[in-house]
Every structure is written in C-alpha cells, then in structure tokens.
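Okay, upload36.txt is below, compact mmCIF, C-alpha atoms:
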# COMPACT_ATOMS: atom_id res chain seq x y z
CA MET A 6 75.72 -25.43 47.11
CA VAL A 7 73.26 -28.32 47.35
CA HIS A 8 76.12 -30.82 47.11
CA LEU A 9 78.07 -28.94 49.79
CA CYS A 10 75.08 -28.96 52.13
CA ALA A 11 74.53 -32.67 51.51
CA ALA A 12 78.19 -33.40 52.27
CA LEU A 13 77.97 -31.41 55.52
CA GLY A 14 74.60 -32.84 56.54
CA MET A 15 72.99 -29.38 56.41
CA PRO A 16 69.43 -28.66 55.23
CA TRP A 17 69.15 -26.58 52.06
CA LEU A 18 66.07 -24.35 51.94
CA PRO A 19 65.94 -22.73 48.47
CA GLN A 20 64.58 -19.27 47.79
CA THR A 21 63.91 -20.06 44.12
CA PHE A 22 61.55 -22.71 42.73
CA LEU A 23 61.01 -23.76 39.10
CA ILE A 24 57.45 -24.05 37.79
CA PRO A 25 57.24 -25.56 34.27
CA VAL A 26 54.16 -24.05 32.59
CA LEU A 27 52.32 -25.58 29.65
CA TYR A 28 52.83 -23.20 26.77
CA PRO A 29 50.86 -22.92 23.49
CA GLU A 30 52.52 -23.75 20.20
CA LEU A 31 54.29 -20.42 19.79
CA HIS A 32 57.60 -20.13 17.99
CA PRO A 33 60.57 -20.24 20.41
CA HIS A 34 62.20 -17.25 18.68
CA GLU A 35 59.38 -14.81 19.57
CA PRO A 36 60.26 -13.49 23.05
CA LYS A 37 57.89 -10.50 22.93
CA LYS A 38 54.93 -12.78 22.28
CA ALA A 39 56.09 -15.03 25.11
CA MET A 40 56.24 -12.09 27.51
CA ALA A 41 52.74 -10.96 26.48
CA TRP A 42 51.41 -14.51 26.94
CA GLY A 43 52.93 -14.76 30.41
CA ARG A 44 51.48 -11.45 31.62
CA GLU A 45 48.01 -12.83 32.41
CA LYS A 46 49.20 -16.24 33.65
CA GLY A 47 51.82 -14.65 35.86
CA GLY A 48 49.30 -12.22 37.28
CA LEU A 49 47.04 -15.08 38.37
CA LEU A 50 49.96 -16.82 40.08
CA LEU A 51 51.01 -13.67 41.94
CA ASP A 52 47.45 -12.84 43.03
CA ALA A 53 47.31 -16.24 44.74
CA ASN A 54 50.87 -16.05 46.12
CA PRO A 55 51.67 -12.49 47.26
CA ASP A 56 54.87 -13.53 49.09
CA VAL A 57 56.78 -14.46 45.93
CA GLN A 58 58.38 -12.67 43.00
CA LEU A 59 57.95 -14.16 39.52
CA HIS A 60 60.80 -14.37 37.04
CA HIS A 61 59.56 -15.55 33.64
CA MET A 62 62.78 -16.88 32.11
CA TYR A 63 62.85 -17.35 28.34
CA ASP A 64 66.01 -18.65 26.69
CA PRO A 65 65.69 -19.69 23.02
CA SER A 66 69.40 -20.53 22.89
CA GLN A 67 69.62 -23.16 25.62
CA ASP A 68 65.93 -24.14 25.83
CA ARG A 69 64.83 -24.04 22.19
CA LEU A 70 63.33 -27.55 22.17
CA THR A 71 61.39 -27.27 25.44
CA LEU A 72 60.03 -23.82 24.54
CA ARG A 73 57.89 -25.44 21.86
CA GLY A 74 55.62 -26.83 24.56
CA MET A 75 56.41 -25.16 27.87
CA THR A 76 57.97 -22.12 29.48
CA TYR A 77 59.80 -21.49 32.74
CA PHE A 78 58.33 -19.59 35.66
CA ARG A 79 60.81 -19.24 38.51
CA VAL A 80 59.45 -17.86 41.77
CA LYS A 81 61.54 -16.40 44.59
CA TYR A 82 60.38 -15.99 48.17
CA LEU A 83 60.19 -12.34 49.25
CA ARG A 84 59.48 -13.34 52.85
CA LEU A 85 60.30 -16.35 54.99
CA SER A 86 57.43 -18.81 54.59
CA SER A 87 55.58 -20.26 57.57
CA ALA A 88 56.77 -23.74 56.55
CA TYR A 89 60.40 -22.61 56.59
CA LYS A 90 59.92 -20.94 59.98
CA ARG A 91 58.45 -24.11 61.47
CA PHE A 92 61.27 -26.21 60.03
CA ILE A 93 63.97 -23.92 61.45
CA GLU A 94 62.27 -23.68 64.85
CA LYS A 95 62.05 -27.47 65.04
CA ASN A 96 65.51 -28.37 63.73
CA LEU A 97 67.91 -25.53 64.60
CA SER A 98 68.86 -25.13 68.25
CA ARG A 99 68.99 -21.73 69.93
CA GLY A 100 72.36 -20.21 69.11
CA GLY A 101 72.57 -22.14 65.83
CA THR A 102 73.41 -20.40 62.57
CA ILE A 103 71.28 -19.62 59.52
CA VAL A 104 73.48 -19.10 56.44
CA ILE A 105 72.01 -16.97 53.65
CA VAL A 106 73.61 -17.83 50.30
CA ASP A 107 73.66 -14.43 48.62
CA CYS A 108 74.36 -15.05 44.93
CA GLN A 109 74.87 -11.61 43.43
CA ARG A 110 74.60 -12.63 39.78
CA THR A 111 72.28 -10.30 37.83
CA TRP A 112 70.79 -10.18 34.31
CA PRO A 113 69.11 -7.46 32.19
CA THR A 114 65.32 -7.79 32.61
CA THR A 115 62.01 -6.17 31.71
CA GLN A 116 59.45 -5.28 34.39
CA VAL A 117 56.07 -6.76 33.46
CA GLY A 118 54.13 -5.90 36.63
CA ASP A 119 54.47 -5.70 40.38
CA ASP A 120 56.86 -8.52 41.34
CA HIS A 121 56.69 -9.88 37.75
CA ILE A 122 59.93 -9.84 35.74
CA PHE A 123 60.70 -11.14 32.25
CA GLN A 124 64.24 -12.42 31.70
CA PHE A 125 65.31 -13.02 28.10
CA GLY A 126 68.31 -15.33 28.00
CA ALA A 127 70.22 -16.98 30.81
CA LEU A 128 73.66 -17.66 32.14
CA GLY A 129 75.79 -19.89 29.91
CA GLY A 130 76.48 -19.78 26.19
CA ALA A 131 75.49 -16.48 24.60
CA THR A 132 76.29 -13.24 26.40
CA PRO A 133 73.68 -10.65 27.44
CA GLU A 134 74.98 -8.40 24.65
CA GLU A 135 74.30 -11.13 22.07
CA TYR A 136 70.81 -11.80 23.38
CA PHE A 137 69.80 -8.15 23.15
CA ASN A 138 72.02 -6.72 20.40
CA ASN A 139 72.46 -9.91 18.34
CA SER A 140 75.67 -10.97 16.59
CA ASP A 141 76.94 -13.07 13.70
CA ARG A 142 76.85 -16.07 16.02
CA VAL A 143 73.15 -15.48 16.75
CA ARG A 144 72.39 -15.06 13.04
CA ARG A 145 74.18 -18.34 12.22
CA TYR A 146 72.34 -20.09 15.03
CA LEU A 147 68.96 -18.96 13.72
CA GLU A 148 69.87 -19.94 10.16
CA ARG A 149 70.97 -23.40 11.32
CA TYR A 150 67.51 -24.07 12.73
CA HIS A 151 65.71 -22.54 9.73
CA SER A 152 64.12 -19.81 11.83
CA HIS A 153 61.95 -17.19 10.15
CA ARG A 154 64.10 -14.64 12.02
CA ARG A 155 67.71 -13.55 11.63
CA ASN A 156 67.80 -11.79 14.99
CA TRP A 157 65.94 -11.92 18.29
CA ASP A 158 63.44 -9.10 18.64
CA ALA A 159 63.76 -9.03 22.42
CA PRO A 160 61.84 -6.84 24.87
CA ILE A 161 63.92 -3.82 25.84
CA PRO A 162 65.43 -4.36 29.30
CA ASP A 163 64.75 -1.61 31.82
CA LYS A 164 66.85 -2.78 34.77
CA ASP A 165 69.18 -5.47 36.08
CA SER A 166 67.56 -8.03 38.40
CA PRO A 167 68.81 -11.04 40.34
CA GLU A 168 69.37 -13.77 37.75
CA ALA A 169 66.25 -15.95 37.59
CA GLU A 170 67.91 -19.29 38.27
CA TRP A 171 70.83 -18.32 40.52
CA GLY A 172 70.42 -14.80 41.88
CA PHE A 173 69.31 -13.96 45.42
CA GLU A 174 66.38 -11.55 45.77
CA PRO A 175 67.46 -9.33 48.70
CA SER A 176 63.89 -8.61 49.87
CA LEU A 177 64.05 -11.89 51.80
CA ARG A 178 67.12 -10.84 53.79
CA GLU A 179 65.46 -8.54 56.32
CA ASP A 180 62.77 -11.11 57.11
CA VAL A 181 65.40 -13.79 57.78
CA GLU A 182 67.46 -11.42 59.94
CA ASN A 183 64.43 -10.45 62.04
CA PHE A 184 63.40 -14.08 62.47
CA ALA A 185 66.91 -15.09 63.52
CA ARG A 186 67.05 -12.26 66.06
CA ASP A 187 63.62 -13.11 67.51
CA GLU A 188 64.52 -16.81 67.76
CA ARG A 189 67.99 -16.08 69.19
CA LYS A 190 69.78 -17.70 66.29
CA ASN A 191 72.85 -16.49 64.44
CA CYS A 192 72.69 -15.30 60.84
CA LYS A 193 75.53 -15.09 58.31
CA PHE A 194 75.87 -14.32 54.60
CA LEU A 195 77.76 -16.51 52.17
CA LEU A 196 78.49 -14.17 49.25
CA GLN A 197 79.05 -15.63 45.79
CA ASP A 198 78.45 -15.28 42.13
CA SER A 199 77.08 -18.32 40.26
CA THR A 200 80.43 -20.13 40.19
CA LEU A 201 82.66 -18.79 42.97
CA LEU A 202 82.21 -18.73 46.73
CA THR A 203 83.80 -15.66 48.27
CA PHE A 204 83.44 -15.11 52.01
CA ILE A 205 81.10 -15.30 54.98
CA LYS A 206 80.10 -12.24 56.96
CA LYS A 207 77.72 -11.72 59.86
CA CYS A 208 74.27 -10.30 59.27
CA PRO A 209 73.87 -6.74 60.61

Write out the structure in this file as structure tokens.
Amino acid sequence: MVHLCAALGMPWLPQTFLIPVLYPELHPHEPKKAMAWGREKGGLLLDANPDVQLHHMYDPSQDRLTLRGMTYFRVKYLRLSSAYKRFIEKNLSRGGTIVIVDCQRTWPTTQVGDDHIFQFGALGGATPEEYFNNSDRVRRYLERYHSHRRNWDAPIPDKDSPEAEWGFEPSLREDVENFARDERKNCKFLLQDSTLLTFIKKCP
C-alpha cells in the first residue's frame, strides 16, 4: 500500500506504529515470560497514551535473533490524532476523499489488559495451529537451535484480534467517518487481507 500511495502521489497515514523495546536477556522460546514482562511496561505506555491500543507481538520463529535483546510493541490508533486531523485539514480540499485501508487479517491473541493484547506468532512461515498446538516442524526447529524446549508453551488465546502488523483496528473507523462528515470530505473503505486488494466501498 505504501508503494501504491507513493506511485499515486498520495499521503499514507498509518494506523499502526512499531516501537522496538529493549528486552532483558530472556530466552526467545519463553512466550509466557515475555507476556508477563510486557504487562507492566505496556501498562505504562497505555497510561501515557490512552488513544492507542497495544499489540505486543512475539514471534520466536521469524524473530528469534532479535528477541534476545528486544521485543516488538505495535500500537494502533483508536482515534484520529490531532496531528492527523491538522494534516488532512491543511492538505485535503473540501470534497476530497479519505480512503481507509481496512485490512481484515486477524490472529489468535491473549488479552493482557484494557487495550493491551499479546500476539504469539505472526503472518508468514508457521501457521497459527503450529504456534499454539506445535508440530513435528516446530520440534525440529527447536532442536536445530539447541533449545531447552521441544514445544512452545504459549499463552492460551482467548480471542481473534486484528493482526498486529497488518490488521486494521475498527475502533478508528467511526472517528474518521465523523471527521470526514464534519469537514465535508468523502470517505471510502479499501477492503483487503494482507496480500490481496478487494474492492472500495463508501463509508456509511
């Protein structure tokens, strides 16, 4: 989507931002300990930023090396920020169109607190079933890297949430629609999963 916007000369205002967080020397194959560690740190971040939702993404398959020293906090706007409002007011003429890219990709997650979600695993490579139920491929992977584990003891997921990296958190939608209506601008949805654009429809 970023490349498409660049080619069309359109601004791209992301909902999701990555925050790399310095992480103590915990083993990358201990997701429950990672979730417990992130509970306090995530709470501090959310107390200071009540307009975002925190997705603590932990993927020992694709991010094994980096997890030895850092972890990934991804935050999603729940409401349109004042900076985004000012930018749109300044750069989009009355009657112009705001396009909401609504990626509907989800992932099994564990609720840690209000607006704090832990996501074990990520899109690409292993399947959600392998992350949570393990498999021969997971066992071989752990053996290859001489892990003390032969399976991932993952937190039990309690719901599906928008995927941390790609998914759109729908709480933002109403705020964008109201802003567009107040500013006499058009609003449309571009529906997609993480790899395939589907169609555009008007906001209600």

Restrict the calculation to all atoms listed in the file, then for each residue of stretch 15-105 of chain A with any atom at most 10 Å from an atom of stretch 128-139 of chain A give the closest atom pair and their distance in Å to one decimal, rows by chain and rising residue number, as a Markdown table.
| residue | atom | partner | partner_atom | distance |
| --- | --- | --- | --- | --- |
| A:Asp64 | CA | A:Tyr136 | CA | 9.0 |
| A:Pro65 | CA | A:Tyr136 | CA | 9.4 |
| A:Ser66 | CA | A:Ala131 | CA | 7.5 |
| A:Gln67 | CA | A:Gly130 | CA | 7.7 |

Please tabulate, as a tab-separated table, the residues of stretch 155-190 of chain A that come within 9 Å of stretch 36-52 of chain A, each with its closest pair of atoms and the distance in Å to one decimal, counting all atoms listed in the file and ordering rows by chain, then residue number upward.
residue	atom	partner	partner_atom	distance
A:Trp157	CA	A:Pro36	CA	7.6
A:Asp158	CA	A:Pro36	CA	7.0
A:Ala159	CA	A:Pro36	CA	5.7
A:Pro160	CA	A:Lys37	CA	5.7

Prev. selection, C-alpha atoms, output as a PDB file, in the frame of the given file:
ATOM      1  CA  TRP A 157      65.940 -11.920  18.290  1.00  0.00           C
ATOM      2  CA  ASP A 158      63.440  -9.100  18.640  1.00  0.00           C
ATOM      3  CA  ALA A 159      63.760  -9.030  22.420  1.00  0.00           C
ATOM      4  CA  PRO A 160      61.840  -6.840  24.870  1.00  0.00           C
TER       5      PRO A 160
END

List as a ChimeraX atom specification: which residues have an atom within 10 Å of (66.0, -20.4, 14.3), counting all atoms listed in the file? /A:32-34,65-66,69,143-157

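For the set A:Asn183, A:His60, A:Leu195, A:Ser140, the residue with the smallest atom-to-atom gap to A:Ile122 is A:His60, counting only C-alpha atoms.
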
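Between A:Gly74 and the residues A:Pro175, A:Pro167, A:Pro162, A:Pro29, the shortest atom-to-atom distance, using only C-alpha atoms, involves A:Pro29.
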
Counting only C-alpha atoms, which residue out of A:Arg84, A:Arg142, A:His8, A:His61 sits closest to A:Pro25? A:His61

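The interatomic distance for the pair atom CA of A:Thr21 and atom CA of A:Glu182 works out to 18.4 Å.
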
Using all atoms listed in the file, which protein or nucleic acid residues come within 12 Å of A:Ala169? Drop anything in the same chain fewer than 2 positions from it, and give the result as JSON, numbers by chain. {"A": [20, 21, 22, 23, 24, 58, 59, 60, 61, 62, 63, 64, 77, 78, 79, 80, 81, 108, 109, 110, 111, 112, 113, 114, 121, 122, 123, 124, 125, 126, 127, 128, 165, 166, 167, 171, 172, 173, 174, 199]}

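In this model, the gap between atom CA of A:Val181 and atom CA of A:Gly100 comes to 14.8 Å.
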
Atom CA of A:Asn96 and atom CA of A:Pro16 are how many Å apart? 9.4 Å

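For A:Leu97, the set of protein, DNA and RNA residues having any atom at most 12 Å away, when counting all atoms listed in the file and skipping those fewer than 2 positions along the same chain, is Met15, Pro16, Tyr89, Lys90, Arg91, Phe92, Ile93, Glu94, Lys95, Arg99, Gly100, Gly101, Thr102, Ile103, Val104, Ala185, Glu188, Arg189, Lys190, Asn191 and Cys192 of chain A.
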
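When all atoms listed in the file are used to compute distances to A:Arg178, the closest of the residues A:Ala53, A:Val26, A:Leu85, A:Ala12 turns out to be A:Leu85.
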
Could I see stretch 97-114 of chain A restored to N, CA and C atoms, set down as a compact mmCIF listing (two decimals), in the coordinates of the input?
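selection-v1.txt, written as the output of this step:
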# COMPACT_ATOMS: atom_id res chain seq x y z
N LEU A 97 66.70 -26.30 64.30
CA LEU A 97 67.91 -25.53 64.60
C LEU A 97 67.86 -25.05 66.04
N SER A 98 68.83 -25.48 66.83
CA SER A 98 68.86 -25.13 68.25
C SER A 98 69.11 -23.63 68.43
N ARG A 99 68.70 -23.12 69.58
CA ARG A 99 68.99 -21.73 69.93
C ARG A 99 70.50 -21.52 69.91
N GLY A 100 70.94 -20.45 69.27
CA GLY A 100 72.36 -20.21 69.11
C GLY A 100 72.94 -20.80 67.84
N GLY A 101 72.13 -21.59 67.11
CA GLY A 101 72.57 -22.14 65.83
C GLY A 101 72.63 -21.05 64.77
N THR A 102 73.14 -21.40 63.61
CA THR A 102 73.41 -20.40 62.57
C THR A 102 72.61 -20.66 61.30
N ILE A 103 71.92 -19.62 60.84
CA ILE A 103 71.28 -19.62 59.52
C ILE A 103 72.25 -18.97 58.54
N VAL A 104 72.57 -19.65 57.45
CA VAL A 104 73.48 -19.10 56.44
C VAL A 104 72.65 -18.72 55.21
N ILE A 105 72.68 -17.45 54.86
CA ILE A 105 72.01 -16.97 53.65
C ILE A 105 73.02 -16.99 52.50
N VAL A 106 72.74 -17.78 51.47
CA VAL A 106 73.61 -17.83 50.30
C VAL A 106 73.19 -16.70 49.37
N ASP A 107 73.98 -15.66 49.35
CA ASP A 107 73.66 -14.43 48.62
C ASP A 107 74.39 -14.42 47.29
N CYS A 108 73.78 -15.06 46.28
CA CYS A 108 74.36 -15.05 44.93
C CYS A 108 74.03 -13.71 44.28
N GLN A 109 75.05 -12.97 43.92
CA GLN A 109 74.87 -11.61 43.43
C GLN A 109 74.86 -11.51 41.91
N ARG A 110 74.68 -12.62 41.24
CA ARG A 110 74.60 -12.63 39.78
C ARG A 110 73.32 -11.92 39.33
N THR A 111 73.43 -11.02 38.37
CA THR A 111 72.28 -10.30 37.83
C THR A 111 72.17 -10.52 36.32
N TRP A 112 71.03 -10.06 35.76
CA TRP A 112 70.79 -10.18 34.31
C TRP A 112 69.87 -9.03 33.89
N PRO A 113 70.03 -8.50 32.67
CA PRO A 113 69.11 -7.46 32.19
C PRO A 113 67.68 -8.02 32.07
N THR A 114 66.70 -7.30 32.59
CA THR A 114 65.32 -7.79 32.61
C THR A 114 64.34 -6.68 32.24
